[in-house]
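Here's coords10.txt, which has compact mmCIF, C-alpha atoms:
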# COMPACT_ATOMS: atom_id res chain seq x y z
CA MET G 155 -18.96 -13.73 -24.13
CA PRO G 156 -22.24 -12.06 -25.29
CA ALA G 157 -22.40 -8.30 -24.88
CA ALA G 158 -25.12 -8.55 -22.23
CA ALA G 159 -22.89 -10.79 -20.13
CA LEU G 160 -20.25 -8.04 -19.93
CA HIS G 161 -22.45 -5.75 -17.84
CA LEU G 162 -23.77 -5.86 -14.29
CA SER G 163 -27.41 -5.31 -13.50
CA ASP G 164 -28.21 -2.37 -11.23
CA ARG G 165 -28.96 -4.76 -8.39
CA HIS G 166 -25.74 -6.70 -8.76
CA PHE G 167 -23.65 -3.53 -9.03
CA ARG G 168 -25.17 -2.22 -5.79
CA SER G 169 -24.48 -5.55 -4.08
CA ILE G 170 -20.80 -5.49 -5.05
CA ALA G 171 -20.43 -1.78 -4.20
CA GLN G 172 -21.95 -2.29 -0.74
CA LEU G 173 -19.77 -5.33 -0.12
CA ILE G 174 -16.54 -3.55 -1.11
CA GLU G 175 -17.34 -0.46 0.98
CA GLY G 176 -18.14 -2.64 3.98
CA GLN G 177 -15.04 -4.80 3.63
CA VAL G 178 -12.33 -2.31 2.65
CA GLY G 179 -13.93 1.13 3.02
CA ILE G 180 -13.69 1.98 -0.68
CA LYS G 181 -16.77 3.66 -2.11
CA LEU G 182 -17.81 2.67 -5.63
CA PRO G 183 -20.20 5.34 -6.99
CA PRO G 184 -22.10 4.72 -10.26
CA GLY G 185 -19.28 6.38 -12.18
CA LYS G 186 -17.02 3.44 -11.26
CA ARG G 187 -19.35 0.87 -12.78
CA LEU G 188 -17.48 0.43 -16.07
CA MET G 189 -14.19 0.16 -14.18
CA LEU G 190 -15.64 -2.54 -11.94
CA GLU G 191 -17.05 -4.50 -14.86
CA GLY G 192 -13.74 -4.33 -16.70
CA ARG G 193 -11.76 -5.56 -13.72
CA LEU G 194 -14.10 -8.48 -13.03
CA HIS G 195 -14.04 -9.85 -16.57
CA LYS G 196 -10.76 -11.74 -16.09
CA ARG G 197 -12.01 -13.43 -12.93
CA VAL G 198 -15.31 -14.36 -14.56
CA ARG G 199 -13.48 -15.98 -17.47
CA ALA G 200 -11.10 -17.82 -15.16
CA LEU G 201 -14.02 -19.36 -13.28
CA ASN G 202 -15.89 -20.12 -16.52
CA TYR G 203 -19.05 -18.21 -15.65
CA SER G 204 -21.43 -17.19 -18.42
CA GLY G 205 -21.23 -13.54 -17.38
CA LEU G 206 -20.81 -10.99 -14.61
CA ASN G 207 -24.30 -11.38 -13.19
CA GLU G 208 -23.95 -15.15 -12.81
CA TYR G 209 -20.68 -14.52 -10.97
CA VAL G 210 -22.35 -12.13 -8.51
CA GLU G 211 -25.34 -14.40 -8.04
CA THR G 212 -23.00 -17.25 -7.16
CA LEU G 213 -21.20 -15.06 -4.63
CA PHE G 214 -24.31 -14.06 -2.72
CA GLU G 215 -26.86 -16.76 -3.45
CA ALA G 216 -24.67 -19.85 -3.46
CA ASP G 217 -22.70 -18.83 -0.34
CA GLN G 218 -19.34 -18.73 -2.13
CA LEU G 219 -18.29 -15.37 -0.72
CA ASP G 220 -15.79 -16.64 1.87
CA SER G 221 -13.65 -18.42 -0.69
CA GLU G 222 -13.93 -15.71 -3.36
CA LEU G 223 -13.66 -12.51 -1.30
CA THR G 224 -9.87 -12.24 -1.49
CA HIS G 225 -9.94 -12.56 -5.28
CA LEU G 226 -12.74 -10.01 -5.52
CA ILE G 227 -10.82 -7.48 -3.43
CA ASP G 228 -7.69 -8.05 -5.52
CA ALA G 229 -9.72 -7.33 -8.64
CA VAL G 230 -11.30 -4.07 -7.54
CA THR G 231 -8.60 -2.36 -5.49
CA THR G 232 -6.34 0.22 -7.14
CA ASN G 233 -2.63 -0.56 -6.87
CA LYS G 234 -0.84 2.40 -8.44
CA THR G 235 2.68 2.67 -7.06
CA ASP G 236 6.18 3.72 -8.11
CA PHE G 237 9.66 3.90 -6.67
CA PHE G 238 10.33 7.35 -5.18
CA ARG G 239 6.73 8.40 -5.72
CA GLU G 240 6.13 11.83 -4.18
CA PRO G 241 9.89 12.12 -3.48
CA SER G 242 9.61 15.06 -1.08
CA HIS G 243 8.51 12.62 1.62
CA PHE G 244 11.69 10.61 1.30
CA THR G 245 13.76 13.78 1.35
CA PHE G 246 11.96 14.83 4.52
CA MET G 247 12.55 11.42 6.07
CA ARG G 248 16.24 11.55 5.27
CA GLU G 249 16.97 15.17 6.17
CA THR G 250 14.56 15.79 9.03
CA ALA G 251 12.46 12.95 10.42
CA ALA G 252 15.05 10.17 10.74
CA PRO G 253 17.82 12.35 12.27
CA LEU G 254 15.39 13.88 14.79
CA LEU G 255 13.94 10.53 15.77
CA LEU G 256 17.33 8.90 16.21
CA LYS G 257 18.60 11.82 18.26
CA SER G 258 15.53 12.17 20.49
CA ARG G 259 15.12 8.46 21.14
CA GLY G 260 18.66 7.83 22.19
CA ARG G 261 18.62 4.59 20.25
CA ASN G 262 19.94 3.45 16.91
CA GLU G 263 16.92 1.77 15.34
CA LEU G 264 14.02 3.02 13.24
CA LYS G 265 10.75 1.28 12.47
CA VAL G 266 8.93 2.29 9.29
CA TRP G 267 5.51 1.07 8.19
CA SER G 268 4.17 1.29 4.64
CA ALA G 269 0.47 0.89 5.43
CA ALA G 270 -0.80 0.53 1.87
CA SER G 271 2.28 -0.99 0.32
CA SER G 272 0.82 -2.40 -2.89
CA ALA G 273 3.65 -4.07 -4.87
CA GLY G 274 6.27 -2.96 -2.34
CA MET G 275 7.89 -0.06 -4.15
CA GLU G 276 7.20 2.42 -1.35
CA ALA G 277 8.63 0.10 1.29
CA TYR G 278 11.74 -0.63 -0.74
CA THR G 279 12.23 3.06 -1.48
CA ALA G 280 12.24 3.75 2.26
CA ALA G 281 14.76 0.93 2.69
CA ILE G 282 17.02 2.40 0.00
CA VAL G 283 16.98 5.85 1.60
CA LEU G 284 17.65 4.56 5.11
CA ASP G 285 20.37 2.17 4.00
CA ASP G 286 22.12 4.96 2.13
CA MET G 287 21.93 7.10 5.27
CA THR G 288 23.82 4.43 7.19
CA ARG G 289 26.56 4.48 4.56
CA THR G 290 27.07 8.25 4.67
CA GLY G 291 26.44 9.03 8.35
CA PRO G 292 26.14 7.42 11.78
CA ARG G 293 25.27 3.75 11.73
CA PHE G 294 21.79 2.64 12.77
CA SER G 295 19.50 -0.29 12.10
CA PHE G 296 16.02 -0.21 10.65
CA ARG G 297 13.06 -2.46 10.04
CA ILE G 298 10.37 -1.89 7.46
CA LEU G 299 6.89 -3.40 7.39
CA GLY G 300 4.64 -3.32 4.34
CA THR G 301 0.95 -4.19 4.63
CA ASP G 302 -1.76 -4.37 2.01
CA ILE G 303 -5.12 -6.01 1.50
CA SER G 304 -4.24 -7.42 -1.93
CA THR G 305 -2.64 -10.85 -1.82
CA ALA G 306 -1.56 -10.49 -5.45
CA MET G 307 0.33 -7.26 -4.71
CA LEU G 308 1.93 -8.75 -1.59
CA GLN G 309 3.23 -11.67 -3.64
CA LEU G 310 4.89 -9.22 -6.02
CA ALA G 311 6.35 -7.31 -3.10
CA ARG G 312 7.86 -10.42 -1.54
CA THR G 313 9.47 -11.60 -4.76
CA ALA G 314 10.74 -8.00 -5.35
CA ILE G 315 11.05 -8.56 -9.12
CA TYR G 316 10.00 -5.61 -11.28
CA PRO G 317 10.11 -4.59 -14.95
CA ARG G 318 13.33 -2.74 -15.71
CA GLU G 319 11.41 0.42 -16.61
CA ALA G 320 9.98 0.52 -13.07
CA ILE G 321 13.29 1.80 -11.71
CA ALA G 322 13.38 4.80 -14.06
CA PRO G 323 12.62 7.18 -11.12
CA VAL G 324 15.43 5.69 -9.02
CA PRO G 325 18.64 7.79 -8.96
CA PRO G 326 21.29 6.02 -11.09
CA ALA G 327 23.66 5.36 -8.19
CA PHE G 328 20.87 3.73 -6.20
CA ALA G 329 19.67 1.74 -9.19
CA LYS G 330 23.16 0.30 -9.60
CA ARG G 331 23.64 -0.48 -5.91
CA TYR G 332 20.24 -1.80 -4.89
CA PHE G 333 18.96 -3.75 -7.92
CA LEU G 334 20.19 -6.94 -9.54
CA ARG G 335 20.01 -7.46 -13.31
CA PRO G 336 19.47 -10.90 -14.88
CA ARG G 337 22.26 -12.45 -16.88
CA ASP G 338 19.91 -12.56 -19.85
CA PRO G 339 19.07 -8.90 -20.66
CA VAL G 340 16.13 -10.01 -22.81
CA ARG G 341 14.19 -10.74 -19.62
CA GLY G 342 13.96 -7.01 -18.90
CA GLU G 343 13.63 -7.43 -15.14
CA VAL G 344 15.39 -6.25 -12.02
CA ARG G 345 15.28 -7.51 -8.45
CA VAL G 346 15.84 -5.73 -5.16
CA VAL G 347 19.11 -6.88 -3.58
CA PRO G 348 18.90 -9.49 -0.78
CA GLU G 349 20.20 -7.04 1.86
CA LEU G 350 17.13 -4.85 1.48
CA ARG G 351 14.73 -7.78 1.16
CA ARG G 352 15.92 -9.09 4.52
CA MET G 353 15.09 -5.76 6.16
CA THR G 354 11.59 -5.55 4.68
CA HIS G 355 8.66 -7.72 5.76
CA PHE G 356 5.21 -7.89 4.16
CA MET G 357 1.89 -9.13 5.48
CA ARG G 358 -1.78 -8.91 4.58
CA MET G 359 -3.84 -6.43 6.58
CA ASN G 360 -7.11 -4.56 6.09
CA LEU G 361 -7.13 -0.93 7.22
CA MET G 362 -10.81 -1.44 8.07
CA ASP G 363 -9.93 -3.97 10.78
CA THR G 364 -10.59 -2.90 14.37
CA ASN G 365 -7.12 -4.04 15.46
CA TYR G 366 -3.83 -3.88 13.58
CA PRO G 367 -1.24 -6.61 14.33
CA VAL G 368 1.56 -4.03 14.26
CA ASP G 369 4.01 -2.76 16.91
CA ARG G 370 2.93 0.35 18.80
CA ASP G 371 6.34 2.01 18.68
CA VAL G 372 6.60 2.72 14.94
CA ASP G 373 8.63 5.81 14.03
CA ILE G 374 7.27 6.65 10.57
CA ILE G 375 4.08 5.54 8.84
CA PHE G 376 3.44 6.04 5.14
CA CYS G 377 -0.28 5.83 4.29
CA ARG G 378 -0.47 7.55 0.95
CA ASN G 379 -3.15 7.80 -1.71
CA VAL G 380 -5.63 5.47 -0.04
CA LEU G 381 -7.52 7.75 2.38
CA ILE G 382 -9.09 9.62 -0.53
CA TYR G 383 -11.18 6.53 -1.29
CA PHE G 384 -12.74 6.52 2.20
CA GLU G 385 -15.68 8.43 3.61
CA ARG G 386 -14.77 11.08 6.18
CA GLU G 387 -15.71 9.00 9.23
CA THR G 388 -13.72 6.04 7.91
CA GLN G 389 -10.76 8.37 7.32
CA ARG G 390 -10.94 9.49 10.94
CA LYS G 391 -11.06 5.95 12.31
CA VAL G 392 -8.18 4.76 10.12
CA VAL G 393 -5.94 7.74 10.88
CA GLU G 394 -6.61 7.52 14.61
CA GLN G 395 -5.78 3.83 14.63
CA LEU G 396 -2.64 4.33 12.56
CA CYS G 397 -1.45 7.05 14.93
CA SER G 398 -2.01 4.78 17.92
CA HIS G 399 0.88 2.70 16.55
CA LEU G 400 3.31 5.63 16.42
CA ARG G 401 5.80 6.47 19.13
CA PRO G 402 5.34 9.92 20.69
CA GLY G 403 6.89 12.28 18.16
CA GLY G 404 6.47 9.80 15.30
CA TYR G 405 5.45 10.87 11.82
CA LEU G 406 2.49 10.07 9.55
CA MET G 407 2.92 10.82 5.85
CA VAL G 408 -0.10 10.91 3.54
CA GLY G 409 -0.54 11.52 -0.18
CA HIS G 410 -0.40 15.01 -1.65
CA SER G 411 -4.15 14.91 -2.29
CA GLU G 412 -4.86 13.97 1.34
CA SER G 413 -3.90 17.05 3.33
CA MET G 414 -7.43 17.02 4.81
CA VAL G 415 -6.14 14.60 7.48
CA HIS G 416 -5.43 17.55 9.76
CA SER G 417 -9.10 18.50 9.88
CA VAL G 418 -10.24 14.88 10.22
CA VAL G 419 -8.04 14.20 13.28
CA PRO G 420 -7.39 17.59 14.95
CA GLY G 421 -4.89 16.20 17.49
CA LEU G 422 -2.25 15.78 14.82
CA LYS G 423 0.45 18.41 14.48
CA GLN G 424 0.99 19.40 10.85
CA VAL G 425 4.68 19.68 10.03
CA GLN G 426 4.16 20.37 6.34
CA PRO G 427 1.12 19.96 4.05
CA THR G 428 1.17 16.13 3.99
CA VAL G 429 3.37 15.30 6.99
CA PHE G 430 1.97 15.06 10.52
CA ARG G 431 3.48 14.34 13.93
CA VAL G 432 1.89 12.91 17.05

Kindly present the structure from the file in structure tokens form.
Amino acid sequence: MPAAALHLSDRHFRSIAQLIEGQVGIKLPPGKRLMLEGRLHKRVRALNYSGLNEYVETLFEADQLDSELTHLIDAVTTNKTDFFREPSHFTFMRETAAPLLLKSRGRNELKVWSAASSAGMEAYTAAIVLDDMTRTGPRFSFRILGTDISTAMLQLARTAIYPREAIAPVPPAFAKRYFLRPRDPVRGEVRVVPELRRMTHFMRMNLMDTNYPVDRDVDIIFCRNVLIYFERETQRKVVEQLCSHLRPGGYLMVGHSESMVHSVVPGLKQVQPTVFRV
């Protein structure tokens, strides 16, 4: 591909940036231009376009956007995730949130929602922690929902197959109990055990939607490391809508760089810097 074909014109970059912000709320300032170009190269090659600008022209001028939008979103969204990422949240869930919720509700079920689940590691981490709680304390049931806008990430989450190095942050006892190894070690993969996969459901959802197809009696919502990509007004709308799906007394957990949620939605009670309660 000629060097000129590897770069977007100013007009085409603005078109893509406006589209992405309108569709998923993520702002792409000029400093993200090289990142955007790099991520679109693979899609351009797959569709056999002569370059990035032809790809964008086809999207907007040949009315191909409906069929291509999902692939475009998959290409530009960031999907950084790990097992036991920001582990203090899972400690808080185990030691404080889950026991309080179970006691105050007078019921033996918890609903947890991973609202930007990416490849599923956050949702499965929550499942590991809750399942271990049932083994060492009073029995209860739980259901976990993972939602994300990226169809590619959701497919990974549903298959629950990860590189072996991905479970490095998982405590050894949990790694042994909750992950299957292939018979052929050369494959270098692990898979979440069927028991946890049955308790964890994934579906595609856009946080920019005006309605979320999610129960309104969720106990704990994880929405971590996504709000920072939104403008302040979008943050407010998303957080308010997320909280409308929590039970009274339910918890919202955000990323460690997102403690501004308290000032965006003043009605939330801050329990600790990145944990809020309705």

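The coordinates place atom CA of Arg248 of chain G at 18.9 Å from atom CA of Gly300 of chain G.
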
Would you work out the distance separating atom CA of Asn207 of chain G from atom CA of His161 of chain G, expressed in Å to one decimal?
7.5 Å

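Straight-line separation from atom CA of Ala229 of chain G to atom CA of Leu194 of chain G: 6.3 Å.
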
Give me the residues of segment 199-251 of chain G that have any atom at most 7 Å from an atom of segment 261-283 of chain G; for each, the nearest atom pair and the distance in Å, rounded to one decimal. Use all atoms listed in the file, sort by chain and number, and format it as JSON lines.
{"residue": "G:Asn233", "atom": "CA", "partner": "G:Ser272", "partner_atom": "CA", "distance": 5.6}
{"residue": "G:Thr235", "atom": "CA", "partner": "G:Met275", "partner_atom": "CA", "distance": 6.6}
{"residue": "G:Asp236", "atom": "CA", "partner": "G:Met275", "partner_atom": "CA", "distance": 5.7}
{"residue": "G:Phe237", "atom": "CA", "partner": "G:Met275", "partner_atom": "CA", "distance": 5.0}
{"residue": "G:Phe238", "atom": "CA", "partner": "G:Thr279", "partner_atom": "CA", "distance": 6.0}
{"residue": "G:Phe244", "atom": "CA", "partner": "G:Ala280", "partner_atom": "CA", "distance": 6.9}
{"residue": "G:Arg248", "atom": "CA", "partner": "G:Val283", "partner_atom": "CA", "distance": 6.8}

Which residues are close to Ile315 of chain G, i.e. within 12 Å by all atoms listed in the file, leaving aside same-chain residues fewer than 5 positions away? Reply as number ranges by chain.
G: 273-275, 278, 307-310, 320-321, 333-336, 341-348, 351

Restricting the calculation to only C-alpha atoms, which member of G:Leu422, G:Val178, G:Leu219, G:Ile227 is positioned closest to Ala306 of chain G?
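Once distances to Ala306 of chain G are computed over only C-alpha atoms, the minimum belongs to G:Ile227.
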